[in-house]
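Notes for the one structure printed next.
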Amino acid sequence: MTLDLVFTLVLTVAALVLFASDRIRLDQVSMAIPVFLLLAGVLTAREAVSGLSSPATVTVGAMLVLGLGLRKTGTVAAIGRWVKDAPLGGKTTRLFALCTIVALLSPFLNNTAVVMVFLPVFVGLAEQADEPASLYLMPLSFVAILGGTVTLIGTSTNLVVHGMAVERGYDELGMFSIAPLGLISLAIGMIYMFTLGRAQLPRRDRPPDLSRKYDMRRFVTELEVSVESPATGRSLGELRWGERYSVSVLGIERGARDIAAPRAERSIQPGDVLYVQGPADRLLLLARQQKLVTPTERTRRDLNLSTKGGRLVEVMVSPGSVLLGRTLREQNFAQRYDATVLAIQQHGVTVHERLADVQFRVGDLLLVHGTAGALERLADEPGFVPMAEVLDGSRNRPRAWVALGIMVMVVVVASLGLFDIMAAALAGVALMVFTGCVRMEEIYSELDWLVIFVLAGLIPLGLALDNTGAASWLAAGIVDVAGSWGPHGMVAAFYLLTAILTAVMSNAAAAVMLTPVAIFAALDSSVNPYALLVAVMFGASASFVTPFGYQTNIMIYSPGGYRFTDFVKVGGILSLLLLLAATIFIPVFWPS
């Protein structure tokens with residue numbers, strides 16, 4: 001063992017531990033790896049930055065832009081709304097039709113974007129059928145994941161494995177080369193989710209209204225502004241009570257007039273009765289310091305938070321949100337969006353206190369109170385997915401058919417081999433931009449740059465595993481364990497190893513690390529290299545056992561009211577079925 005090999009292995013293990021612990025951002029760890037490899041002399045400067053110009057990274061970025069164009073023109077959302085309202089029969093038939101649409105879209109669009117658009121549609125379908133969302137959202141996520149395995153462009157991990165394989169001389173996989181296995185996996189998943197899997201899904205009934213779901217009533221109190229109050233004559237924006245006291249003013253009763261969802265410029269007057277939400281100790285501190293008193297000798301009137309200009313909406317934090325890794329205080333949320341966050345749900349746990357200091361992750365739910373106009377502006381922001389319809393579908397720009405035509409052109413051109421996938425995707429991006437389907441500022445602000453930077457950082461690690469002999473050393477160990485079982489055993493070993501790594505870290509990271517190992521293992525065991533490459537592709541998408549192994553699972557976790565054990569119970573059986581299918585069919589489609 002050389003020193004470079006040992007250093008690369010230690011760095012790889014350290015990266016795995018950091019990925020699994022989730023204490024440091026995934027992209028930060030990824031971008032640090034090529035720096036360490038460069039400083040240690042394992043890679044040259046050109047090799048250390050090769051991830052930025054890698055065809056895999058460029059292609060993934062281009063496909064994300066194409067998906068963004070389809071989303072911004074309203075193409076995907078229009079399909080979802082049509083299926084939801086179309087006369088398709090009973091609730092099970094309607095759910096099956098929606099899942100079929102998701103399965104048809106996911107092979108050509110980023111499955112995270114598909115789930116982002118269809119999540120409110122599936123929640124609305126559950127409410128329409130008077131059933132809990134927990135019966136609808138797990139099928140959405142699982143079908144979107146499986147649909148992405150049908151083509152090379154269906155998921156970023158497929159493109160990563162393909163790109164790294166092409167750089168090493170393995171370029172025989174085309175757009176639909178993996179489609180037979182992908183369709184088999186999709187069929188298994190669909191049949192399972194509508195038979196045995198559906199019986200395993202939990203029934204988590206939603207409360208009748210959002211106030212009760214987030215247990216809001218006992219956290220709202222009334223405080224009257226006295227003549228001596230230092231708040232008199234000052235606006236809510238000036239007072240900054242949210243930052244100073246962690247409380248929110250939900251409404252103002254001024255004589256016979258109710259002011260729901262008061263804006264930041266609304267001034268406070270003596271005699272105003274404020275409906276204030278917040279922790280009990282902070283409310284007491286506010287009342288004492290601002291000379292606010294409890295109203296006496298008056299007829300108590302309940303402020304309805306969903307009427308008279310104010311609305312309650314549940315909003316999910318999705319990839320690309322400005323809140324990711326940040327707090328409401330840092331983003332000046334109340335002033336920026338003219339809306340108030342009343343409660344937060346993180347992994348099923350409701351938070352009422354210290355809201356301004358909560359750091360957000362993908363899948364967190366916010367209970368937001370504001371006017372209809374404010375909530376429309378918030379829903380139009382990238383990275384926020386409203387769980388109820390707050391936007392008028394007609395606001396989408398009228399270029400849906402243009403965007404759809406560009407996407408079809410990219411798929412057809414790449415499938416016929418007229419251009420490779422990267423060239424076709426880049427041409428599609430140029431057409432999307434110049435036809436106005438997507439704007440440059442939207443690419444800068446809404447693209448999921450996390451995926452790009454993770455690939456840019458980890459692809460040089462794959463190169464280091466190659467150059468130092470670490471990949472060959474790891475491959476020899478796997479061949480010693482599974483080589484005696486033949487091609488089926490090797491396929492099962494790489495599929496299972498990739499699936500396990502994907503459950504605790506980024507699927508892109510698992511794919512980058514195992515692709516060079518799979519190539520060396522294939523050469524050592526005389527197994528068809530494409531068989532093991534495809535096993536890595538499908539194993540990286542086998543994220544059904546935990547809610548945190550795949551972004552789409554994280555996105556449905558809180559809206560569906562799921563628990564960790566729900567994924568183990570429902571996804572565990574599906575994972576075993578897919579492992580069995582891959583072990584049987586991959587050596588058949590790619591014989592040694």
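Each chain of the structure tokens is named A, B, ... in the order shown, its residues numbered from 1; ligands are numbered from 1 in display order.
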
Would you list the contacts of segment 159-168 of chain A as an mmCIF file with N, CA and C atoms, in the first residue's frame, taking every protein, DNA or RNA residue within 8 Å and counting only C-alpha atoms, but skipping same-chain residues closer than 5 positions in sequence?
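As written to disk, selection31.cif reads:
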```cif
data_model
loop_
_atom_site.group_PDB
_atom_site.id
_atom_site.type_symbol
_atom_site.label_atom_id
_atom_site.label_comp_id
_atom_site.auth_asym_id
_atom_site.auth_seq_id
_atom_site.Cartn_x
_atom_site.Cartn_y
_atom_site.Cartn_z
ATOM 1 N N SER A 54 -16.581 18.184 -15.821
ATOM 2 C CA SER A 54 -16.929 16.805 -16.160
ATOM 3 C C SER A 54 -18.234 16.755 -16.954
ATOM 4 N N PRO A 55 -18.297 15.924 -17.992
ATOM 5 C CA PRO A 55 -19.567 15.773 -18.730
ATOM 6 C C PRO A 55 -20.731 15.391 -17.833
ATOM 7 N N ALA A 56 -20.450 14.617 -16.784
ATOM 8 C CA ALA A 56 -21.525 14.225 -15.860
ATOM 9 C C ALA A 56 -22.108 15.448 -15.170
ATOM 10 N N THR A 57 -21.238 16.321 -14.657
ATOM 11 C CA THR A 57 -21.702 17.530 -13.966
ATOM 12 C C THR A 57 -22.445 18.452 -14.917
ATOM 13 N N THR A 59 -23.952 17.715 -17.736
ATOM 14 C CA THR A 59 -25.215 17.123 -18.186
ATOM 15 C C THR A 59 -26.285 17.202 -17.104
ATOM 16 N N VAL A 60 -25.893 16.908 -15.869
ATOM 17 C CA VAL A 60 -26.850 17.008 -14.756
ATOM 18 C C VAL A 60 -27.372 18.436 -14.642
ATOM 19 N N LEU A 152 -31.472 7.123 -18.897
ATOM 20 C CA LEU A 152 -30.213 7.645 -18.355
ATOM 21 C C LEU A 152 -30.375 9.048 -17.782
ATOM 22 N N ILE A 153 -31.373 9.807 -18.259
ATOM 23 C CA ILE A 153 -31.529 11.177 -17.786
ATOM 24 C C ILE A 153 -32.572 11.289 -16.679
ATOM 25 N N LEU A 173 -23.774 2.469 -23.270
ATOM 26 C CA LEU A 173 -25.124 2.675 -22.755
ATOM 27 C C LEU A 173 -25.766 3.875 -23.434
ATOM 28 N N ALA A 508 -25.760 10.493 -5.012
ATOM 29 C CA ALA A 508 -24.725 10.890 -5.965
ATOM 30 C C ALA A 508 -23.335 10.542 -5.430
ATOM 31 N N ALA A 511 -22.744 6.838 -5.766
ATOM 32 C CA ALA A 511 -22.481 6.477 -7.157
ATOM 33 C C ALA A 511 -21.068 6.844 -7.573
ATOM 34 N N VAL A 512 -20.616 8.036 -7.185
ATOM 35 C CA VAL A 512 -19.270 8.481 -7.553
ATOM 36 C C VAL A 512 -18.209 7.569 -6.951
ATOM 37 N N THR A 515 -18.543 3.701 -8.624
ATOM 38 C CA THR A 515 -18.403 3.471 -10.068
ATOM 39 C C THR A 515 -17.007 2.965 -10.448
ATOM 40 N N PRO A 516 -15.924 3.627 -10.035
ATOM 41 C CA PRO A 516 -14.606 3.083 -10.401
ATOM 42 C C PRO A 516 -14.331 1.725 -9.768
ATOM 43 N N LEU A 533 -22.105 -1.637 -13.476
ATOM 44 C CA LEU A 533 -22.429 -0.206 -13.568
ATOM 45 C C LEU A 533 -23.931 0.013 -13.413
ATOM 46 N N VAL A 536 -24.982 -0.406 -9.834
ATOM 47 C CA VAL A 536 -24.731 0.811 -9.048
ATOM 48 C C VAL A 536 -25.814 1.851 -9.321
ATOM 49 N N MET A 537 -26.188 2.015 -10.593
ATOM 50 C CA MET A 537 -27.254 2.962 -10.950
ATOM 51 C C MET A 537 -28.538 2.669 -10.178
#
```

Determine, counting only C-alpha atoms, which protein, DNA and RNA residues have an atom within 12 Å of an atom of Arg399 of chain A; residues of the same chain fewer than 6 positions away are not included. Present the result as an mmCIF file with C-alpha atoms, in the first residue's frame.
```cif
data_model
loop_
_atom_site.group_PDB
_atom_site.id
_atom_site.type_symbol
_atom_site.label_atom_id
_atom_site.label_comp_id
_atom_site.auth_asym_id
_atom_site.auth_seq_id
_atom_site.Cartn_x
_atom_site.Cartn_y
_atom_site.Cartn_z
ATOM 1 C CA GLY A 69 -38.226 25.336 -17.842
ATOM 2 C CA LEU A 70 -41.051 22.787 -17.864
ATOM 3 C CA ARG A 71 -41.941 23.725 -14.283
ATOM 4 C CA LYS A 72 -41.865 27.502 -14.808
ATOM 5 C CA THR A 73 -44.085 27.310 -17.898
ATOM 6 C CA GLY A 74 -46.633 25.342 -15.875
ATOM 7 C CA THR A 75 -46.489 22.269 -18.098
ATOM 8 C CA GLY A 405 -41.342 20.431 -27.574
ATOM 9 C CA ILE A 406 -37.757 21.299 -26.585
ATOM 10 C CA MET A 432 -35.225 27.187 -23.298
ATOM 11 C CA VAL A 433 -33.446 30.456 -22.517
ATOM 12 C CA PHE A 434 -33.828 32.124 -25.911
ATOM 13 C CA THR A 435 -37.519 31.197 -26.213
ATOM 14 C CA GLY A 436 -38.221 32.652 -22.765
ATOM 15 C CA CYS A 437 -39.313 29.355 -21.189
ATOM 16 C CA VAL A 438 -36.823 29.962 -18.409
#
```

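Interatomic distance, atom CA of Leu366 of chain A to atom CA of Leu342 of chain A: 7.6 Å.
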
message: Would you pick out the contacts of Leu328 of chain A at 10 Å or less, using only C-alpha atoms, so that residues sharing its chain but fewer than 3 positions from it are not included, and give the list as a ChimeraX atom specification?
response: /A:242-243,322-323,331-334,340-341,355-360

Write out as a PDB file with C-alpha atoms, in the first residue's frame each polymer residue whose atoms come within 12 Å of Leu292 of chain A, counting only C-alpha atoms; drop sequence neighbours fewer than 2 positions from it.
```
ATOM      1  CA  THR A 221     -53.751  35.770  23.652  1.00  0.00           C
ATOM      2  CA  GLU A 222     -55.234  39.274  23.675  1.00  0.00           C
ATOM      3  CA  LEU A 223     -53.313  42.334  24.847  1.00  0.00           C
ATOM      4  CA  GLU A 224     -54.640  45.899  24.904  1.00  0.00           C
ATOM      5  CA  VAL A 225     -52.390  48.868  24.109  1.00  0.00           C
ATOM      6  CA  SER A 226     -52.434  51.346  26.978  1.00  0.00           C
ATOM      7  CA  VAL A 227     -51.981  55.097  26.595  1.00  0.00           C
ATOM      8  CA  GLU A 228     -48.562  54.830  28.291  1.00  0.00           C
ATOM      9  CA  SER A 229     -47.327  52.096  25.948  1.00  0.00           C
ATOM     10  CA  PRO A 230     -44.064  52.947  24.151  1.00  0.00           C
ATOM     11  CA  ALA A 231     -45.520  51.142  21.101  1.00  0.00           C
ATOM     12  CA  THR A 232     -48.134  53.869  20.561  1.00  0.00           C
ATOM     13  CA  ILE A 268     -50.312  50.732  16.829  1.00  0.00           C
ATOM     14  CA  GLN A 269     -52.877  52.991  18.468  1.00  0.00           C
ATOM     15  CA  PRO A 270     -54.021  53.323  22.124  1.00  0.00           C
ATOM     16  CA  GLY A 271     -56.978  51.061  22.801  1.00  0.00           C
ATOM     17  CA  ASP A 272     -56.031  48.547  20.106  1.00  0.00           C
ATOM     18  CA  VAL A 273     -56.558  44.946  21.152  1.00  0.00           C
ATOM     19  CA  LEU A 274     -53.753  42.830  19.735  1.00  0.00           C
ATOM     20  CA  TYR A 275     -54.080  39.126  19.056  1.00  0.00           C
ATOM     21  CA  VAL A 276     -50.570  37.932  19.810  1.00  0.00           C
ATOM     22  CA  LEU A 283     -45.799  37.206  26.045  1.00  0.00           C
ATOM     23  CA  LEU A 284     -45.454  38.185  29.708  1.00  0.00           C
ATOM     24  CA  LEU A 285     -42.161  39.956  28.990  1.00  0.00           C
ATOM     25  CA  LEU A 286     -43.741  41.789  26.031  1.00  0.00           C
ATOM     26  CA  ALA A 287     -46.735  42.892  28.105  1.00  0.00           C
ATOM     27  CA  ARG A 288     -44.539  44.152  30.929  1.00  0.00           C
ATOM     28  CA  GLN A 289     -41.998  46.045  28.834  1.00  0.00           C
ATOM     29  CA  GLN A 290     -44.489  47.470  26.310  1.00  0.00           C
ATOM     30  CA  THR A 294     -55.290  42.162  29.460  1.00  0.00           C
ATOM     31  CA  PRO A 295     -58.622  43.612  28.245  1.00  0.00           C
TER      32      PRO A 295
END
```

field: alpha helix (DSSP H) per DSSP on the backbone: members of segment 369-502 of chain A, as a ChimeraX atom specification
entry: /A:372-379,400-415,421-434,440-446,449-468,470-482,486-502

Skipping near chain neighbours, those fewer than 4 positions away, what residues fall within 7 Å of segment 584-586 of chain A using only C-alpha atoms, listed as an mmCIF file with C-alpha atoms, in the first residue's frame?
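Saved file out.cif follows:
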```
data_model
loop_
_atom_site.group_PDB
_atom_site.id
_atom_site.type_symbol
_atom_site.label_atom_id
_atom_site.label_comp_id
_atom_site.auth_asym_id
_atom_site.auth_seq_id
_atom_site.Cartn_x
_atom_site.Cartn_y
_atom_site.Cartn_z
ATOM 1 C CA HIS A 488 -25.532 -12.831 -9.995
ATOM 2 C CA ALA A 531 -23.800 -5.248 -15.400
ATOM 3 C CA LEU A 580 -34.212 -9.840 -6.288
ATOM 4 C CA TRP A 590 -25.856 -7.672 -19.748
#
```
